[in-house]
Structures are given as structure tokens and as C-alpha cells.
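Structure, as C-alpha cells:
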Number of protein chains: 2
Amino acid sequence: MDASSKSRAPSGPVPIRRTVQGEIIRTVFEDAQRPLSSREAHELALKIQPRIGIATVYRAINRFIEEGLVTPVDIPGVGTHYEAAGGSHHHYFYCGGCGRVYVIPGCPGQISAMLPPGFRMERHDIVLHGRCRDCAV
Amino acid sequence: MDASSKSRAPSGPVPIRRTVQGEIIRTVFEDAQRPLSSREAHELALKIQPRIGIATVYRAINRFIEEGLVTPVDIPGVGTHYEAAGGSHHHYFYCGGCGRVYVIPGCPGQISAMLPPGFRMERHDIVLHGRCRDCAV
DNA sequence: TTGTGTGCAAATTGTTTGCATCACG
DNA sequence: CGTGATGCAAACAATTTGCACACAA
């Protein structure tokens with residue numbers, strides 16, 4: 001009879017279910033320690049549970065993005081990657097040799113000094129391209 | 001028989017033909033003064049010559065990129081844009097209000113200081129997101 | 001039991017390509 | 001005139017969505 005016995009708001013945020021596939025996909029990102037493409041994430045998930053579909057990966061990723069667990073990382077000329085959120089502010093390095101995306105801690109600062117007057121900055125993306133140590137000539 | 005009567009190298013660089021459509025598309029980028037999406041470029045070209053196909057736009061853009069006339073500009077979360085090349089080093093500002101991509105002259109410098117040891121940087125992309133002056137709250 | 005998450009396939013969106021034809025050089 | 005450029009449609013690749021079913025809660 002007491003509707004509040006479960007202390008649920010009348011129309012609270014949609015509850016998120018804990019599923020095997022969802023946990024696998026979340027783990028893949030947490031373990032990766034670097035941004036993964038959807039294909040990479042799918043391949044890694046398939047190693048654990050061979051019947052996960054790519055649509056499930058995309059839906060999980062989008063759910064994680066809404067939850068703030070995962071952040072999309074767009075690498076110019078390469079495509080969208082995704083990484084576990086929560087780390088401190090950082091940027092990225094894309095290696096043209098091995099195709100891997102590295103995390104670069106820190107920030108050059110002075111970014112907002114570039115803003116034209118009247119413009120308001122909400123976010124900035126910096127992506128370096130080149131060769132990582134292993135792929136350097 | 002003198003094969004060199006037309007002074008053509010046996011296998012020189014592929015000649016690029018000057019066509020009406022190509023000129024229109026090139027003009028669109030030169031006049032825009034800002035990065036355009038392929039759709040924007042197509043729409044602007046259609047205003048001048050209503051039968052230009054989107055494939056022609058893409059082929060022209062790719063030719064221009066090879067020639068160095070146009071540079072691709074990837075805006076994270078928004079999609080690939082293209083701009084006339086030749087300007088001095090600059091970066092971009094994407095306005096979430098009007099969807100326009102602005103050119104930001106200059107560079108914060110200190111970028112290479114972010115590089116991990118052994119990494120070699122060939123290029124860097126900086127894209128700011130926010131509200132332009134007209135769209136500011 | 002209820003409704004969210006999953007799998008699969010079809011639908012969308014952005015970009016490229018095959019082919020017949022056009023027209024620049 | 002020969003070959004690159006164009007238009008159109010089909011092919012592709014990446015991502016999203018419709019639908020029936022499975023399974024957390």
C-alpha cells in the first residue's frame with residue numbers, strides 16, 4: 001500500500017539495468033586505459049562474450065556517455081573513439097604508425113587567450129598527430 | 001617520328017582539367033572565408049549551377065586536397081569540414097548555437113612541451129567549442 | 001510480472017565508386 | 001579525338017532504429 005516503501009521518486013531518472021553485456025563493455029573501456037574505437041571495443045567484447053552485437057556496443061556506449069562514464073574522443077581524419085571518463089583533464093596523440101590513440105596529460109594553458117572578444121568557450125580539444133616512440137623513425 | 005613534338009614527359013603528373021563545376025566549387029571555398037561542410041559547399045554550388053551532384057563536390061574536394069588547395073578540418077562531434085588552404089597557421093571555434101565554424105588565428109604555443117619523450121609531432125589540431133558572439137547568452 | 005537491454009536486420013547518413021557520356025585541351 | 005570530369009545510382013562504411021524476445025529488478 002505504501003507507494004514510497006521503495007523510496008522511488010514518482011518519475012525519477014530512468015533506472016539503468018545491470019546486464020552481462022553492459023558490464024563486459026564497461027570493463028573493456030575501464031581496462032583499456034586509452035580511447036577505443038567502436039570496432040576495437042566490439043572486438044574486445046567479443047573475446048569475452050562471442051554473441052555481443054555491434055548495436056549493443058553502440059547502445060551501451062551511448063548509455064555510458066549519458067551517464068558520464070564514457071567520453072567520446074574524435075580523432076581528426078581517423079574517426080570517433082571513446083574512453084572511460086573520470087581522468088583529469090588531458091588531450092590526445094594519434095600515432096600514424098600503429099594507429100593507437102595515446103592520452104597526453106596536461107594542457108598548454110593560454111587557450112582562452114585565443115578567444116575572440118564576446119566568444120564563450122565551453123570546451124577545447126587538442127589532438128596531436130605524429131609518431132609514438134615505438135613507431136619513430 | 002618525333003614523339004616529343006608536344007614536349008610531353010613520358011609519364012608526367014596527371015594534368016588537371018579546368019571545368020565549370022570545378023571552378024564553381026573552388027570559388028565557393030575561396031569566397032567562404034571559413035570551413036564548410038560538404039553539404040554547405042554543395043548547397044552553395046547548387047545556387048550557381050543547379051545540376052551539380054554531390055559526388056562531383058566530393059571528387060572536386062578530394063582533388064583540391066591532393067593539389068593542396070583545400071584542407072580538411074575535422075570538428076569533433078560535428079563532422080568533416082573543408083577550407084581553402086594557404087592561410088597562416090590557425091585553429092577553429094565551433095559555435096553550438098549557429099553551427100558555424102570560425103577560424104581562430106594564432107596558436108597557444110607550448111604545444112610540443114606536452115609531447116612525451118620519444119614522440120615526434122607532425123601536426124596539431126585545436127578546436128574550441130562554445131558560443132560565438134552572436135549566439136552568446 | 002514489467003519493462004529495459006539484447007540480437008538481428010533494415011534504415012539512415014556521409015562518402016566513394018562504376019559506368020555511360022560530356023567536353024577540355 | 002583521347003582522357004579526365006560529371007551525373008546518376010548503386011555500393012560502402014559507420015551509426016541508429018524497429019521489433020520480438022530475454023532477463024534484471
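FYI, nothing fancy with the C-alpha cells labels: chains A, B, ... in order, residues from 1 per chain, ligands from 1 as they appear.
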*Report, to one decimal in Å, the C-alpha RMSD of chain A against chain B after an in-order least-squares superposition over all those atoms.*
0.7 Å
Selection near Thr71 of chain B, 6 Å with only C-alpha atoms (C1' of nucleotides), sequence-local residues under 3 positions removed, as an mmCIF file with N, CA, C and O atoms, in the first residue's frame:
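Resulting contents of result_32.cif:
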```cif
data_model
loop_
_atom_site.group_PDB
_atom_site.id
_atom_site.type_symbol
_atom_site.label_atom_id
_atom_site.label_comp_id
_atom_site.auth_asym_id
_atom_site.auth_seq_id
_atom_site.Cartn_x
_atom_site.Cartn_y
_atom_site.Cartn_z
ATOM 1 N N ILE B 65 42.262 18.740 -52.291
ATOM 2 C CA ILE B 65 43.104 18.337 -51.173
ATOM 3 C C ILE B 65 44.440 17.808 -51.687
ATOM 4 O O ILE B 65 45.505 18.160 -51.168
ATOM 5 N N TYR B 82 35.822 21.538 -44.760
ATOM 6 C CA TYR B 82 36.936 21.780 -45.665
ATOM 7 C C TYR B 82 37.097 23.273 -45.816
ATOM 8 O O TYR B 82 36.113 24.011 -45.859
ATOM 9 N N GLU B 83 38.349 23.729 -45.917
ATOM 10 C CA GLU B 83 38.575 25.160 -46.081
ATOM 11 C C GLU B 83 39.673 25.397 -47.107
ATOM 12 O O GLU B 83 40.533 24.540 -47.317
ATOM 13 N N ALA B 85 43.029 26.387 -48.473
ATOM 14 C CA ALA B 85 44.324 26.359 -47.808
ATOM 15 C C ALA B 85 45.066 27.662 -48.058
ATOM 16 O O ALA B 85 44.591 28.533 -48.779
#
```
May I ask you to extract the residues of chain B within 8 Å of chain A, using only C-alpha atoms, and to give them as a compact mmCIF listing (two decimals) with N, CA, C and O atoms, in the first residue's frame?
```txt
# COMPACT_ATOMS: atom_id res chain seq x y z
N VAL B 73 39.08 19.81 -42.36
CA VAL B 73 39.02 20.28 -40.98
C VAL B 73 37.99 19.43 -40.24
O VAL B 73 36.79 19.50 -40.54
N ASP B 74 38.45 18.64 -39.32
CA ASP B 74 37.56 17.75 -38.61
C ASP B 74 37.09 18.42 -37.34
O ASP B 74 37.88 18.77 -36.48
N ILE B 75 35.80 18.62 -37.20
CA ILE B 75 35.27 19.22 -35.98
C ILE B 75 34.67 18.12 -35.13
O ILE B 75 33.68 17.50 -35.52
N PRO B 76 35.26 17.86 -33.98
CA PRO B 76 34.81 16.77 -33.12
C PRO B 76 33.31 16.84 -32.84
O PRO B 76 32.81 17.89 -32.42
N GLY B 77 32.64 15.76 -33.08
CA GLY B 77 31.22 15.69 -32.79
C GLY B 77 30.35 16.35 -33.83
O GLY B 77 29.13 16.33 -33.73
N ILE B 104 40.25 30.73 -35.85
CA ILE B 104 40.90 31.45 -34.75
C ILE B 104 42.35 31.62 -35.12
O ILE B 104 43.10 30.64 -35.18
N PRO B 105 42.81 32.83 -35.37
CA PRO B 105 44.22 32.99 -35.72
C PRO B 105 45.10 32.72 -34.51
O PRO B 105 44.66 32.85 -33.37
N GLY B 106 46.33 32.34 -34.80
CA GLY B 106 47.28 32.15 -33.72
C GLY B 106 47.25 30.77 -33.12
O GLY B 106 46.54 29.89 -33.57
N CYS B 107 48.01 30.64 -32.07
CA CYS B 107 48.31 29.33 -31.52
C CYS B 107 48.84 29.54 -30.11
O CYS B 107 49.60 30.47 -29.88
N PRO B 108 48.44 28.74 -29.16
CA PRO B 108 48.90 28.95 -27.79
C PRO B 108 50.39 28.66 -27.60
O PRO B 108 50.95 29.01 -26.59
N GLY B 109 51.02 28.02 -28.56
CA GLY B 109 52.42 27.67 -28.37
C GLY B 109 52.56 26.64 -27.27
O GLY B 109 51.57 26.14 -26.74
N GLN B 110 53.76 26.28 -26.92
CA GLN B 110 54.00 25.33 -25.83
C GLN B 110 53.39 23.96 -26.13
O GLN B 110 53.36 23.10 -25.27
N ILE B 111 52.86 23.80 -27.33
CA ILE B 111 52.22 22.53 -27.64
C ILE B 111 53.23 21.38 -27.55
O ILE B 111 52.95 20.35 -26.95
N ALA B 113 55.65 21.04 -25.85
CA ALA B 113 56.07 20.72 -24.48
C ALA B 113 55.22 19.59 -23.89
O ALA B 113 55.62 18.94 -22.93
N MET B 114 54.07 19.36 -24.48
CA MET B 114 53.19 18.29 -23.98
C MET B 114 53.65 16.91 -24.41
O MET B 114 53.22 15.91 -23.86
N LEU B 115 54.50 16.85 -25.43
CA LEU B 115 54.89 15.57 -26.01
C LEU B 115 55.64 14.69 -25.03
O LEU B 115 56.60 15.13 -24.40
N PRO B 116 55.25 13.44 -24.93
CA PRO B 116 56.05 12.50 -24.13
C PRO B 116 57.39 12.29 -24.82
O PRO B 116 57.49 12.43 -26.04
N PRO B 117 58.42 11.94 -24.06
CA PRO B 117 59.74 11.75 -24.66
C PRO B 117 59.72 10.68 -25.74
O PRO B 117 59.11 9.63 -25.57
N GLY B 118 60.40 10.95 -26.83
CA GLY B 118 60.48 9.97 -27.91
C GLY B 118 59.39 10.11 -28.94
O GLY B 118 59.48 9.54 -30.02
N PHE B 119 58.35 10.87 -28.61
CA PHE B 119 57.26 11.06 -29.56
C PHE B 119 57.62 12.20 -30.51
O PHE B 119 58.20 13.21 -30.09
N ARG B 120 57.24 12.03 -31.76
CA ARG B 120 57.50 13.07 -32.73
C ARG B 120 56.19 13.64 -33.24
O ARG B 120 55.32 12.89 -33.67
N MET B 121 56.02 14.95 -33.16
CA MET B 121 54.75 15.57 -33.57
C MET B 121 54.85 16.09 -34.99
O MET B 121 55.81 16.76 -35.35
N GLU B 122 53.86 15.74 -35.82
CA GLU B 122 53.85 16.22 -37.20
C GLU B 122 52.79 17.30 -37.39
O GLU B 122 52.82 18.04 -38.36
N ARG B 123 51.85 17.34 -36.47
CA ARG B 123 50.72 18.25 -36.68
C ARG B 123 49.91 18.33 -35.40
O ARG B 123 49.95 17.41 -34.58
N HIS B 124 49.23 19.43 -35.19
CA HIS B 124 48.35 19.50 -34.04
C HIS B 124 47.05 20.20 -34.41
O HIS B 124 47.03 21.12 -35.22
N ASP B 125 45.98 19.74 -33.84
CA ASP B 125 44.67 20.32 -34.09
C ASP B 125 44.09 20.84 -32.79
O ASP B 125 44.09 20.14 -31.78
N ILE B 126 43.61 22.06 -32.82
CA ILE B 126 42.92 22.61 -31.66
C ILE B 126 41.55 23.11 -32.10
O ILE B 126 41.45 23.87 -33.05
N VAL B 127 40.53 22.63 -31.44
CA VAL B 127 39.18 23.08 -31.76
C VAL B 127 38.49 23.49 -30.47
O VAL B 127 38.41 22.72 -29.51
N LEU B 128 38.02 24.73 -30.45
CA LEU B 128 37.27 25.22 -29.30
C LEU B 128 35.78 25.07 -29.59
O LEU B 128 35.35 25.21 -30.73
N HIS B 129 35.03 24.77 -28.56
CA HIS B 129 33.58 24.72 -28.69
C HIS B 129 32.97 25.75 -27.76
O HIS B 129 33.48 25.97 -26.67
N GLY B 130 31.87 26.32 -28.19
CA GLY B 130 31.19 27.26 -27.30
C GLY B 130 30.15 28.06 -28.04
O GLY B 130 29.47 27.53 -28.93
N ARG B 131 30.06 29.33 -27.67
CA ARG B 131 29.07 30.21 -28.30
C ARG B 131 29.80 31.40 -28.90
O ARG B 131 30.61 32.04 -28.21
N CYS B 132 29.48 31.68 -30.12
CA CYS B 132 30.07 32.86 -30.74
C CYS B 132 29.39 34.12 -30.19
O CYS B 132 28.41 34.04 -29.46
N ARG B 133 29.90 35.26 -30.57
CA ARG B 133 29.38 36.49 -30.01
C ARG B 133 27.87 36.63 -30.26
O ARG B 133 27.12 37.00 -29.37
N ALA B 136 25.88 34.14 -28.01
CA ALA B 136 26.13 34.15 -26.57
C ALA B 136 24.85 34.52 -25.82
O ALA B 136 24.01 35.26 -26.33
```
*Which residue gives the smallest distance to chain C among A:Lys47, A:Glu40, A:Tyr58, A:Pro35, with only C-alpha atoms (C1' of nucleotides) counted?*
A:Tyr58
_Within 10 Å of chain A, which residues belong to chain D? Use only C-alpha atoms (C1' of nucleotides) and report them as a PyMOL selection string._
chain D and resi 14-17+23-25
_atom C1' of DA11 of chain D to atom C1' of DT16 of chain C, distance in Å rounded to a single decimal_ =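 Interatomic distance, atom C1' of DA11 of chain D to atom C1' of DT16 of chain C: 8.1 Å.
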Quick one: contact table of chain C to chain A, 9 Å max, nearest atom pair and distance in Å to one decimal per residue, counting only C-alpha atoms (C1' of nucleotides), chain and number order, as a tab-separated table?
```
residue	atom	partner	partner_atom	distance
C:DT4	C1'	A:Arg17	CA	6.7
C:DG5	C1'	A:Thr19	CA	7.4
C:DT6	C1'	A:Thr56	CA	6.5
C:DG7	C1'	A:Gly53	CA	6.3
C:DC8	C1'	A:Gly53	CA	8.3
```
Please, could you write that set of residues out with N, CA, C and O atoms (P, O5', C5', C4', C3', O3' and C1' of nucleotides) as a PDB file, in the first residue's frame?
```pdb
ATOM      1  P    DT C   4      11.476   0.874 -19.472  1.00  0.00           P
ATOM      2  O5'  DT C   4      13.043   0.626 -19.465  1.00  0.00           O
ATOM      3  C5'  DT C   4      13.669   0.283 -18.230  1.00  0.00           C
ATOM      4  C4'  DT C   4      14.830  -0.653 -18.492  1.00  0.00           C
ATOM      5  C3'  DT C   4      15.766  -0.162 -19.596  1.00  0.00           C
ATOM      6  O3'  DT C   4      17.087  -0.453 -19.200  1.00  0.00           O
ATOM      7  C1'  DT C   4      14.911  -2.293 -20.149  1.00  0.00           C
ATOM      8  P    DG C   5      18.321  -0.093 -20.109  1.00  0.00           P
ATOM      9  O5'  DG C   5      18.712  -1.496 -20.764  1.00  0.00           O
ATOM     10  C5'  DG C   5      19.173  -2.532 -19.915  1.00  0.00           C
ATOM     11  C4'  DG C   5      19.627  -3.719 -20.746  1.00  0.00           C
ATOM     12  C3'  DG C   5      20.567  -3.363 -21.898  1.00  0.00           C
ATOM     13  O3'  DG C   5      21.563  -4.381 -21.977  1.00  0.00           O
ATOM     14  C1'  DG C   5      18.622  -4.406 -22.757  1.00  0.00           C
ATOM     15  P    DT C   6      22.562  -4.493 -23.179  1.00  0.00           P
ATOM     16  O5'  DT C   6      21.888  -5.590 -24.105  1.00  0.00           O
ATOM     17  C5'  DT C   6      21.630  -6.879 -23.568  1.00  0.00           C
ATOM     18  C4'  DT C   6      21.239  -7.852 -24.659  1.00  0.00           C
ATOM     19  C3'  DT C   6      22.134  -7.804 -25.907  1.00  0.00           C
ATOM     20  O3'  DT C   6      22.502  -9.117 -26.274  1.00  0.00           O
ATOM     21  C1'  DT C   6      19.850  -7.524 -26.491  1.00  0.00           C
ATOM     22  P    DG C   7      23.760  -9.374 -27.277  1.00  0.00           P
ATOM     23  O5'  DG C   7      23.115 -10.210 -28.478  1.00  0.00           O
ATOM     24  C5'  DG C   7      21.737 -10.295 -28.570  1.00  0.00           C
ATOM     25  C4'  DG C   7      21.308 -10.994 -29.845  1.00  0.00           C
ATOM     26  C3'  DG C   7      22.229 -10.863 -31.057  1.00  0.00           C
ATOM     27  O3'  DG C   7      22.020 -11.976 -31.927  1.00  0.00           O
ATOM     28  C1'  DG C   7      20.284  -9.520 -31.352  1.00  0.00           C
ATOM     29  P    DC C   8      22.919 -12.238 -33.241  1.00  0.00           P
ATOM     30  O5'  DC C   8      21.970 -11.735 -34.425  1.00  0.00           O
ATOM     31  C5'  DC C   8      20.657 -12.277 -34.547  1.00  0.00           C
ATOM     32  C4'  DC C   8      19.828 -11.437 -35.508  1.00  0.00           C
ATOM     33  C3'  DC C   8      20.594 -10.983 -36.754  1.00  0.00           C
ATOM     34  O3'  DC C   8      19.930 -11.460 -37.908  1.00  0.00           O
ATOM     35  C1'  DC C   8      19.368  -9.195 -35.791  1.00  0.00           C
TER      36       DC C   8
END
```
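You will find atom CA of Ser88 of chain B at 27.5 Å from atom CA of Gly97 of chain A.
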*Which residues in chain A does DSSP call strand (DSSP E or B)? List them as a count of residues only.*
37
*Give me the residues within 12 Å of DA10 of chain D as a list in words, counting only C-alpha atoms (C1' of nucleotides) and dropping any in the same chain fewer than 4 places off.*
DT16, DT17, DG18 and DC19 of chain C
Could you please take those selected residues and save all heavy atoms as a PDB file, in the first residue's frame?
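Final output, out13.pdb:
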```pdb
ATOM      1  P    DT C  16      35.165  10.379 -49.667  1.00  0.00           P
ATOM      2  OP1  DT C  16      36.586  10.260 -49.290  1.00  0.00           O
ATOM      3  OP2  DT C  16      34.665  11.557 -50.387  1.00  0.00           O
ATOM      4  O5'  DT C  16      34.787   9.063 -50.516  1.00  0.00           O
ATOM      5  C5'  DT C  16      34.903   7.798 -49.890  1.00  0.00           C
ATOM      6  C4'  DT C  16      34.606   6.695 -50.882  1.00  0.00           C
ATOM      7  O4'  DT C  16      33.204   6.695 -51.208  1.00  0.00           O
ATOM      8  C3'  DT C  16      35.350   6.793 -52.217  1.00  0.00           C
ATOM      9  O3'  DT C  16      35.814   5.490 -52.538  1.00  0.00           O
ATOM     10  C2'  DT C  16      34.288   7.282 -53.182  1.00  0.00           C
ATOM     11  C1'  DT C  16      33.045   6.628 -52.604  1.00  0.00           C
ATOM     12  N1   DT C  16      31.763   7.312 -52.894  1.00  0.00           N
ATOM     13  C2   DT C  16      30.726   6.572 -53.415  1.00  0.00           C
ATOM     14  O2   DT C  16      30.816   5.395 -53.673  1.00  0.00           O
ATOM     15  N3   DT C  16      29.570   7.282 -53.621  1.00  0.00           N
ATOM     16  C4   DT C  16      29.349   8.624 -53.372  1.00  0.00           C
ATOM     17  O4   DT C  16      28.264   9.141 -53.588  1.00  0.00           O
ATOM     18  C5   DT C  16      30.486   9.337 -52.826  1.00  0.00           C
ATOM     19  C7   DT C  16      30.367  10.784 -52.516  1.00  0.00           C
ATOM     20  C6   DT C  16      31.631   8.655 -52.617  1.00  0.00           C
ATOM     21  P    DT C  17      36.726   5.209 -53.824  1.00  0.00           P
ATOM     22  OP1  DT C  17      37.726   4.198 -53.442  1.00  0.00           O
ATOM     23  OP2  DT C  17      37.139   6.509 -54.389  1.00  0.00           O
ATOM     24  O5'  DT C  17      35.697   4.515 -54.838  1.00  0.00           O
ATOM     25  C5'  DT C  17      34.866   3.467 -54.380  1.00  0.00           C
ATOM     26  C4'  DT C  17      34.024   2.937 -55.534  1.00  0.00           C
ATOM     27  O4'  DT C  17      32.829   3.721 -55.669  1.00  0.00           O
ATOM     28  C3'  DT C  17      34.708   2.951 -56.906  1.00  0.00           C
ATOM     29  O3'  DT C  17      34.297   1.805 -57.613  1.00  0.00           O
ATOM     30  C2'  DT C  17      34.151   4.218 -57.541  1.00  0.00           C
ATOM     31  C1'  DT C  17      32.731   4.201 -56.994  1.00  0.00           C
ATOM     32  N1   DT C  17      32.046   5.504 -56.911  1.00  0.00           N
ATOM     33  C2   DT C  17      30.693   5.549 -57.196  1.00  0.00           C
ATOM     34  O2   DT C  17      30.049   4.578 -57.527  1.00  0.00           O
ATOM     35  N3   DT C  17      30.129   6.791 -57.071  1.00  0.00           N
ATOM     36  C4   DT C  17      30.752   7.960 -56.703  1.00  0.00           C
ATOM     37  O4   DT C  17      30.125   9.009 -56.621  1.00  0.00           O
ATOM     38  C5   DT C  17      32.157   7.838 -56.421  1.00  0.00           C
ATOM     39  C7   DT C  17      32.933   9.053 -56.026  1.00  0.00           C
ATOM     40  C6   DT C  17      32.732   6.630 -56.541  1.00  0.00           C
ATOM     41  P    DG C  18      35.054   1.307 -58.947  1.00  0.00           P
ATOM     42  OP1  DG C  18      35.760   0.062 -58.620  1.00  0.00           O
ATOM     43  OP2  DG C  18      35.792   2.465 -59.505  1.00  0.00           O
ATOM     44  O5'  DG C  18      33.854   0.961 -59.933  1.00  0.00           O
ATOM     45  C5'  DG C  18      32.711   0.226 -59.459  1.00  0.00           C
ATOM     46  C4'  DG C  18      31.658   0.130 -60.553  1.00  0.00           C
ATOM     47  O4'  DG C  18      30.831   1.317 -60.518  1.00  0.00           O
ATOM     48  C3'  DG C  18      32.209   0.055 -61.968  1.00  0.00           C
ATOM     49  O3'  DG C  18      31.313  -0.717 -62.763  1.00  0.00           O
ATOM     50  C2'  DG C  18      32.250   1.516 -62.407  1.00  0.00           C
ATOM     51  C1'  DG C  18      31.047   2.103 -61.673  1.00  0.00           C
ATOM     52  N9   DG C  18      31.206   3.482 -61.217  1.00  0.00           N
ATOM     53  C8   DG C  18      32.316   4.037 -60.644  1.00  0.00           C
ATOM     54  N7   DG C  18      32.148   5.288 -60.315  1.00  0.00           N
ATOM     55  C5   DG C  18      30.852   5.581 -60.691  1.00  0.00           C
ATOM     56  C6   DG C  18      30.107   6.786 -60.580  1.00  0.00           C
ATOM     57  O6   DG C  18      30.459   7.870 -60.109  1.00  0.00           O
ATOM     58  N1   DG C  18      28.815   6.639 -61.102  1.00  0.00           N
ATOM     59  C2   DG C  18      28.319   5.489 -61.644  1.00  0.00           C
ATOM     60  N2   DG C  18      27.060   5.550 -62.088  1.00  0.00           N
ATOM     61  N3   DG C  18      29.000   4.360 -61.745  1.00  0.00           N
ATOM     62  C4   DG C  18      30.249   4.475 -61.254  1.00  0.00           C
ATOM     63  P    DC C  19      31.687  -1.105 -64.275  1.00  0.00           P
ATOM     64  OP1  DC C  19      31.101  -2.444 -64.514  1.00  0.00           O
ATOM     65  OP2  DC C  19      33.122  -0.850 -64.544  1.00  0.00           O
ATOM     66  O5'  DC C  19      30.814  -0.039 -65.073  1.00  0.00           O
ATOM     67  C5'  DC C  19      29.454   0.187 -64.696  1.00  0.00           C
ATOM     68  C4'  DC C  19      28.820   1.219 -65.608  1.00  0.00           C
ATOM     69  O4'  DC C  19      28.930   2.540 -65.004  1.00  0.00           O
ATOM     70  C3'  DC C  19      29.482   1.325 -66.985  1.00  0.00           C
ATOM     71  O3'  DC C  19      28.490   1.541 -67.965  1.00  0.00           O
ATOM     72  C2'  DC C  19      30.383   2.536 -66.835  1.00  0.00           C
ATOM     73  C1'  DC C  19      29.506   3.422 -65.944  1.00  0.00           C
ATOM     74  N1   DC C  19      30.240   4.464 -65.201  1.00  0.00           N
ATOM     75  C2   DC C  19      29.583   5.665 -64.890  1.00  0.00           C
ATOM     76  O2   DC C  19      28.410   5.811 -65.228  1.00  0.00           O
ATOM     77  N3   DC C  19      30.259   6.629 -64.221  1.00  0.00           N
ATOM     78  C4   DC C  19      31.538   6.431 -63.868  1.00  0.00           C
ATOM     79  N4   DC C  19      32.167   7.402 -63.208  1.00  0.00           N
ATOM     80  C5   DC C  19      32.216   5.216 -64.182  1.00  0.00           C
ATOM     81  C6   DC C  19      31.539   4.264 -64.840  1.00  0.00           C
TER      82       DC C  19
END
```
